[in-house]
Every structure is written in structure tokens, then in C-alpha cells.
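One structure is given below, encoded as C-alpha cells.
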Amino acid sequence: MEIEHKTRVVNSFAALEKLLAQIESGRKEKPDWIRLQSNARLDVLEIDAREKVLKRLHACVLRGFKANNVEFEKKKHRLEYWQSVARSGFHDFSELGWMKSYDSPFVENYDYIEAFKDNGLDGLDPYAVYSSVLGTFDFSVEDFIATELCQNVRTIVEPMSGTAEFCYQGHFRFPDFRYAMIDLDEQAQQRVLAQRWLPETEKQYLVADVLNEEVWSNIKAFSSGESLSYIGKQSHHLFDAKQLFRLMDVATRNVDYFMLETPQLAMVTDMGGTDDMTRPEMKAAGFEAELVEDHDGEPNPFTNLMHFHLTASTKKKERQLFGYRDWTVWSQPILVTMANLLDLNAFYFHSELHEFVSVEEETEDCDVEDNVTFMLFTRREVDSVL
Ligand SMILES: C[S@@+](CC[C@H](N)C(=O)[O-])C[C@H]1O[C@@H](n2cnc3c(N)ncnc32)[C@H](O)[C@@H]1O
């Protein structure tokens with residue numbers, strides 16, 4: 001089921017002032033979004049005044065604000081605006097607008113550009129850059145919990161979690177769920193646990209190998225209610241066939257639902273080369289971000305194996321942020337074949353219905369080529385929603 005969002009629209013600062021005062025005094029509920037239109041232009045405010053408004057906005061919305069009414073003559077001003085909003089607790093890494101974590105009381109600083117201004121490419125926080133270009137912010141725990149299949153889930157597991165956006169964002173929406181994250185990267189663990197979490201949420205971040213069966217029995221012991229495991233950013237492509245097969249087997253014995261974020265259906269030979277990921281604020285600050293094929297990384301159409309890396313570069317210098325050696329694109333039909341061999345039921349997230357639908361069902365009304373980017377596997381016998 002698609003989640004409905006409530007948006008309040010204001011056309012002037014007077015109307016915004018009135019709305020914020022009503023929300024602050026409890027006379028009106030926080031909407032999901034506030035849309036600023038017409039004369040309510042944040043770009044014309046001096047930075048201090050803008051940041052004061054943003055502070056109040058942050059406390060008065062569940063998800064964020066939208067403002068397509070800004071205009072800039074100079075790149076410098078656009079960047080200044082971007083940075084002031086980003087350090088006031090909103091990011092625009094999603095298609096939806098300037099976003100915060102759901103109803104979060106914490107003003108997070110999303111400005112990764114200042115570090116570049118201070119220390120160039122060496123100053124960049126690789127995890128922050130990675131998040132800004134590859135983060136999945138348009139879908140979160142609540143989209144999957146809103147499905148008929150996963151409505152009873154109360155434990156979220158994020159294997160290969162890295163910066164663990166799925167759990168972190170999700171816990172603001174469902175603080176009473178349990179969250180388990182697993183990654184080999186100790187630095188990622190420290191980074192995630194150093195973020196501000198709601199104190200009541202039960203969570204654990206294990207530095208461990210997700211191919212280790214004991215890890216999964218620990219997760220099972222930690223779980224309460226039904227459990228959903230989610231591997232984002234196609235991270236399972238770091239595994240070879242035997243490893244992924246083993247992971248699907250072990251994981252589905254210990255969680256109820258095992259979900260993978262998959263690429264759009266495409267030939268692997270279309271995926272090599274260089275992919276420009278540069279965001280406007282990067283360009284304005286003077287650097288670019290790209291996914292670049294390694295010199296020996298050309299995609300192999302028979303094995304789907306490829307090698308590439310994420311780089312940031314200026315005209316003079318280049319810095320590799322993350323490497324993706326031995327990346328095998330496990331396309332949807334291969335995943336379904338593995339699921340059949342393991343006697344798992346396979347589902348895809350239907351882009352129109354916002355429900356998990358069995359892969360055996362018709363694909364009508366679903367933009368299969370562009371939009372089947374979440375697959376789910378389970379040992380449970382479940383009736384399809386169609
Ligand atoms: C593409 S990154 C993932 C990003 C992650 N989904 C995020 O939101 O940041 C892949 C992650 O998988 C982790 N990883 C690779 N092999 C692993 C393994 N065998 N067990 C646990 N984590 C692993 C890496 O340390 C890395 O953080």
C-alpha cells in the first residue's frame with residue numbers, strides 16, 4: 001500500500017509564520033511536508049534569518065519541506081544556499097524534496113562540502129559522499145512495513161550495512177522495533193553508533209561476516225516478532241555465486257523475509273564505462289564524482305563480473321573513495337533461479353501497488369524494466385496479494 005503524505009502549502013512568509021505558530025502551539029498537527037511557494041522564498045533571506053526559519057521548520061514537519069521557488073544568478077549563491085540548508089538538518093539526496101529523518105528531533109549536518117573547501121579532496125568524508133550519490137532515501141522501512149506481506153515485521157536486520165541508512169532512518173519511524181546491523185567495517189560501525197539514535201530503540205551493530213551462520217543465529221535470538229532483512233545498494237553483488245547462495249540459505253533460515261535491492265533489469269554490458277554521479281553542489285564547489293570502470297573491469301556478459309570504483313576528482317587531482325572489485329551483477333532471473341534451488345518463495349516490489357507480488361504472478365501495470373529494484377525471498381508459505 002502506498003503511504004499518503006500530507007503537505008501544507010504557504011505562499012508568503014506571513015502565511016508560513018502563522019502555520020509554524022499553529023504547529024508550535026499544538027493547534028495544528030505536523031504535516032509530512034511544507035511546500036514554500038510564491039513569495040515565501042528562502043533564497044532572498046540573509047543566512048542568519050534563513051537558518052532561524054529552517055530551525056523552526058525542522059521542528060514543525062515530519063519529513064521535510066519543498067521549495068522550487070528559489071533562483072540564483074551565481075553558482076556561489078546556490079552553493080551558499082545549499083550549505084545553509086544542509087547544515088540546518090535537511091538534505092536533498094532524495095527526489096522528494098529537502099528531507100530529514102522522520103520526525104527526528106535531531107538537527108543533523110548533511111553538509112559534506114565544507115570539508116572539501118577546507119582541505120580539498122583529502123578533506124572529503126568518503127561515507128558522506130557515497131551516501132549523497134548512492135543513498136536510497138526514496139524508500140525506507142515504512143514502505144515495506146506498509147505491505148500486506150511484511151505488516152507484522154518488528155525486527156529489521158541490515159546485513160552489509162555500512163552506513164546503515166535503512167536502520168538509522170527506519171528507527172525514527174518505528175522506535176519500538178529492534179534493529180540489527182552487520183558489517184566487516186569497524187569504522188562504519190563506529191560512525192553509525194556515534195550518530196544520535198532515539199534512546200529507547202533496541203539496536204546492535206555487529207562487526208562480523210554475514211556468511212557466518214553463527215551471526216544469523218545471534219540475530220534470530222535478538223529478534224522479536226517477524227523479521228525483515230534488507231541488503232541495500234546492491235551490496236550482495238560483492239559475493240560470488242556460492243557465497244550468495246549460502247547467504248540466501250542461511251539468512252532465510254533465521255529471518256522471515258530476506259530482501260535485496262537489485263539493479264534495474266539491463267544487460268551487464270550496458271553497465272561498464274564511466275557513470276557521472278556529480279551533484280550540483282559538488283560541481284559548484286569544484287569537484288566531480290564518478291563511478292569508473294577499473295582498467296581490467298569490463299563487464300563480462302557470461303559471468304556478469306565487473307570491477308569499478310567511486311572517485312572524486314578536481315581538474316588536477318583524483319581520489320578513489322571506494323573500490324568495487326569482483327562485483328557480480330545478480331540479475332533478477334538468476335536470483336529467482338537460486339531461490340528455486342533453495343525452495344524459497346520469491347517476490348518483487350510492485351511499483352504501482354507498493355506490495356510484494358509473487359514472481360509467478362502477472363506483471364501488469366508494473367514498470368518491470370525500470371522499477372523492479374527490490375526482491376524478497378522467504379521460506380514461509382504466503383498467499384499472493386493479487
Ligand atoms: C556497497 S557497501 C554497502 C553499503 C551499505 N548498504 C550502506 O548503506 O552504506 C558494501 C558493504 O558490505 C560490507 N561487506 C562486504 N563483505 C561483507 C561480509 N562478508 N560480511 C559483512 N559485511 C560485508 C563492506 O564492508 C561494505 O560496508
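We label chains A, B, ... in the order they appear in the C-alpha cells, count residues from 1 in each chain, and number ligands from 1 in the order shown.
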
Please check which protein, DNA or RNA residues sit within 10 Å of ligand 1, counting only C-alpha atoms and all ligand atoms, and write them as a VMD selection string. chain A and resid 127 to 128 130 to 131 134 to 136 158 to 168 181 to 189 192 206 to 212 215 230 to 239 243 to 244 247 261 322 to 324 327

Output as a PDB file with C-alpha atoms, in the first residue's frame all residues of segment 176-269 of chain A that backbone DSSP marks as helix (DSSP H, G or I).
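After the write, out_2.pdb holds the following:
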ATOM      1  CA  GLU A 186      34.675  -1.359  12.114  1.00  0.00           C
ATOM      2  CA  GLN A 187      34.920   2.283  11.054  1.00  0.00           C
ATOM      3  CA  ALA A 188      31.388   2.123   9.652  1.00  0.00           C
ATOM      4  CA  GLN A 189      30.187   0.640  12.943  1.00  0.00           C
ATOM      5  CA  GLN A 190      31.802   3.447  14.949  1.00  0.00           C
ATOM      6  CA  ARG A 191      30.361   6.041  12.640  1.00  0.00           C
ATOM      7  CA  VAL A 192      26.833   4.643  12.846  1.00  0.00           C
ATOM      8  CA  LEU A 193      26.876   4.230  16.617  1.00  0.00           C
ATOM      9  CA  ALA A 194      28.221   7.778  17.026  1.00  0.00           C
ATOM     10  CA  GLU A 213      25.994 -18.920  10.298  1.00  0.00           C
ATOM     11  CA  GLU A 214      26.515 -18.114  13.972  1.00  0.00           C
ATOM     12  CA  VAL A 215      25.905 -14.440  13.214  1.00  0.00           C
ATOM     13  CA  TRP A 216      22.454 -15.350  11.945  1.00  0.00           C
ATOM     14  CA  SER A 217      21.584 -17.453  14.973  1.00  0.00           C
ATOM     15  CA  ASN A 218      22.533 -14.446  17.133  1.00  0.00           C
ATOM     16  CA  ILE A 219      20.245 -12.288  15.016  1.00  0.00           C
ATOM     17  CA  LYS A 220      17.432 -14.791  15.435  1.00  0.00           C
ATOM     18  CA  ALA A 221      17.885 -14.744  19.207  1.00  0.00           C
ATOM     19  CA  PHE A 222      17.825 -10.932  19.217  1.00  0.00           C
ATOM     20  CA  SER A 235      25.906  -4.890  -1.837  1.00  0.00           C
ATOM     21  CA  HIS A 236      25.244  -8.617  -2.342  1.00  0.00           C
ATOM     22  CA  HIS A 237      26.973  -8.173  -5.718  1.00  0.00           C
ATOM     23  CA  LEU A 238      30.228  -8.335  -3.771  1.00  0.00           C
ATOM     24  CA  ALA A 241      27.546 -17.393  -6.665  1.00  0.00           C
ATOM     25  CA  LYS A 242      28.414 -19.870  -3.916  1.00  0.00           C
ATOM     26  CA  GLN A 243      28.610 -17.129  -1.290  1.00  0.00           C
ATOM     27  CA  LEU A 244      25.302 -15.554  -2.286  1.00  0.00           C
ATOM     28  CA  PHE A 245      23.617 -18.958  -2.457  1.00  0.00           C
ATOM     29  CA  ARG A 246      24.869 -19.712   1.039  1.00  0.00           C
ATOM     30  CA  LEU A 247      23.761 -16.307   2.327  1.00  0.00           C
ATOM     31  CA  MET A 248      20.242 -16.743   0.927  1.00  0.00           C
ATOM     32  CA  ASP A 249      20.075 -20.185   2.509  1.00  0.00           C
ATOM     33  CA  VAL A 250      21.369 -19.235   5.961  1.00  0.00           C
ATOM     34  CA  ALA A 251      19.568 -15.899   6.170  1.00  0.00           C
ATOM     35  CA  THR A 252      16.157 -17.279   5.222  1.00  0.00           C
ATOM     36  CA  ARG A 253      16.512 -19.937   7.938  1.00  0.00           C
ATOM     37  CA  ASN A 254      16.881 -17.188  10.527  1.00  0.00           C
ATOM     38  CA  VAL A 268      25.653  -6.085 -17.831  1.00  0.00           C
ATOM     39  CA  THR A 269      27.470  -4.855 -20.939  1.00  0.00           C
TER      40      THR A 269
END

Find the nearest atom pair between each residue of segment 246-292 of chain A and segment 360-383 of chain A for residues within 7 Å, count only C-alpha atoms, give distances in Å to one decimal, sort rows by chain and ascending number, and present the table as a Markdown table.
| residue | atom | partner | partner_atom | distance |
| --- | --- | --- | --- | --- |
| A:Thr252 | CA | A:Thr378 | CA | 6.1 |
| A:Asp256 | CA | A:Thr378 | CA | 6.2 |
| A:Tyr257 | CA | A:Thr378 | CA | 5.1 |
| A:Phe258 | CA | A:Phe377 | CA | 5.1 |
| A:Met259 | CA | A:Leu376 | CA | 4.2 |
| A:Leu260 | CA | A:Met375 | CA | 5.4 |
| A:Glu261 | CA | A:Phe374 | CA | 4.6 |
| A:Thr262 | CA | A:Thr373 | CA | 4.6 |
| A:Pro263 | CA | A:Thr373 | CA | 5.7 |
| A:Gln264 | CA | A:Asp370 | CA | 5.3 |
| A:Leu265 | CA | A:Glu369 | CA | 5.3 |

Emit the selected residues as an mmCIF file, in the first residue's frame, including N, CA, C and O atoms.
data_model
loop_
_atom_site.group_PDB
_atom_site.id
_atom_site.type_symbol
_atom_site.label_atom_id
_atom_site.label_comp_id
_atom_site.auth_asym_id
_atom_site.auth_seq_id
_atom_site.Cartn_x
_atom_site.Cartn_y
_atom_site.Cartn_z
ATOM 1 N N THR A 252 17.599 -16.964 5.222
ATOM 2 C CA THR A 252 16.157 -17.279 5.222
ATOM 3 C C THR A 252 15.798 -18.337 6.269
ATOM 4 O O THR A 252 14.629 -18.544 6.556
ATOM 5 N N ASP A 256 12.405 -13.946 8.728
ATOM 6 C CA ASP A 256 11.189 -14.307 7.985
ATOM 7 C C ASP A 256 11.263 -13.877 6.526
ATOM 8 O O ASP A 256 10.829 -14.591 5.637
ATOM 9 N N TYR A 257 11.795 -12.656 6.308
ATOM 10 C CA TYR A 257 11.831 -12.133 4.939
ATOM 11 C C TYR A 257 13.229 -11.608 4.650
ATOM 12 O O TYR A 257 13.814 -10.894 5.474
ATOM 13 N N PHE A 258 13.741 -11.934 3.467
ATOM 14 C CA PHE A 258 15.104 -11.552 3.097
ATOM 15 C C PHE A 258 15.015 -10.742 1.807
ATOM 16 O O PHE A 258 14.624 -11.265 0.759
ATOM 17 N N MET A 259 15.336 -9.442 1.893
ATOM 18 C CA MET A 259 15.130 -8.558 0.743
ATOM 19 C C MET A 259 16.466 -8.046 0.209
ATOM 20 O O MET A 259 17.392 -7.766 0.971
ATOM 21 N N LEU A 260 16.532 -7.907 -1.116
ATOM 22 C CA LEU A 260 17.735 -7.380 -1.769
ATOM 23 C C LEU A 260 17.351 -6.194 -2.639
ATOM 24 O O LEU A 260 16.348 -6.263 -3.368
ATOM 25 N N GLU A 261 18.143 -5.119 -2.563
ATOM 26 C CA GLU A 261 17.947 -4.028 -3.526
ATOM 27 C C GLU A 261 18.696 -4.428 -4.791
ATOM 28 O O GLU A 261 19.901 -4.692 -4.746
ATOM 29 N N THR A 262 17.984 -4.499 -5.892
ATOM 30 C CA THR A 262 18.577 -5.020 -7.131
ATOM 31 C C THR A 262 18.713 -3.894 -8.161
ATOM 32 O O THR A 262 18.037 -2.873 -8.058
ATOM 33 N N PRO A 263 19.565 -4.089 -9.162
ATOM 34 C CA PRO A 263 19.656 -3.052 -10.197
ATOM 35 C C PRO A 263 18.451 -3.138 -11.125
ATOM 36 O O PRO A 263 17.722 -4.129 -11.109
ATOM 37 N N GLN A 264 18.268 -2.099 -11.938
ATOM 38 C CA GLN A 264 17.229 -2.194 -12.962
ATOM 39 C C GLN A 264 17.613 -3.322 -13.906
ATOM 40 O O GLN A 264 18.796 -3.595 -14.093
ATOM 41 N N LEU A 265 16.603 -3.949 -14.500
ATOM 42 C CA LEU A 265 16.889 -5.023 -15.451
ATOM 43 C C LEU A 265 17.655 -4.441 -16.639
ATOM 44 O O LEU A 265 17.184 -3.505 -17.274
#

Shell of 12 Å around Lys316 of chain A, only C-alpha atoms, local chain residues under 5 positions omitted, as an NGL selection string: :A and (120-121 or 286-288)

Take the residues from that selection and put them in a file with C-alpha atoms, as a short mmCIF file (atom, residue, chain, number, x, y, z; two decimals), in the first residue's frame.
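File produced: part06.cif:
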data_model
loop_
_atom_site.label_atom_id
_atom_site.label_comp_id
_atom_site.auth_asym_id
_atom_site.auth_seq_id
_atom_site.Cartn_x
_atom_site.Cartn_y
_atom_site.Cartn_z
CA GLY A 120 40.29 19.69 -0.89
CA LEU A 121 39.70 16.08 -1.94
CA GLY A 286 34.74 22.42 -7.86
CA PHE A 287 34.82 18.63 -7.90
CA GLU A 288 33.13 15.72 -9.61
#

Extract the full set of strand (DSSP E) residues from segment 12-228 of chain A according to DSSP on the backbone, and format it as a PyMOL selection string. chain A and resi 33-36+64-67+98-99+153-159+178-183+202-207+226-228

Within 8 Å of segment 36-43 of chain A using only C-alpha atoms, minus same-chain residues under 3 positions, as an NGL selection string: :A and (9-13 or 16 or 46 or 50 or 65-72 or 81)

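Distance check against Thr155 of chain A using only C-alpha atoms: of A:Asp92, A:Glu24, A:Glu202, A:Asp111, the minimum falls on A:Glu202.
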
Segment 52-55 of chain A: which residues within 10 Å, counting only C-alpha atoms, same-chain residues fewer than 5 positions away excluded, as a list in words? Phe13, Leu16, Glu17, Leu20, Leu42, Leu45, Ile47, Cys60, Phe65, Ser84, Val85, Arg87, Ser88, Gly89, Phe90 and Val107 of chain A
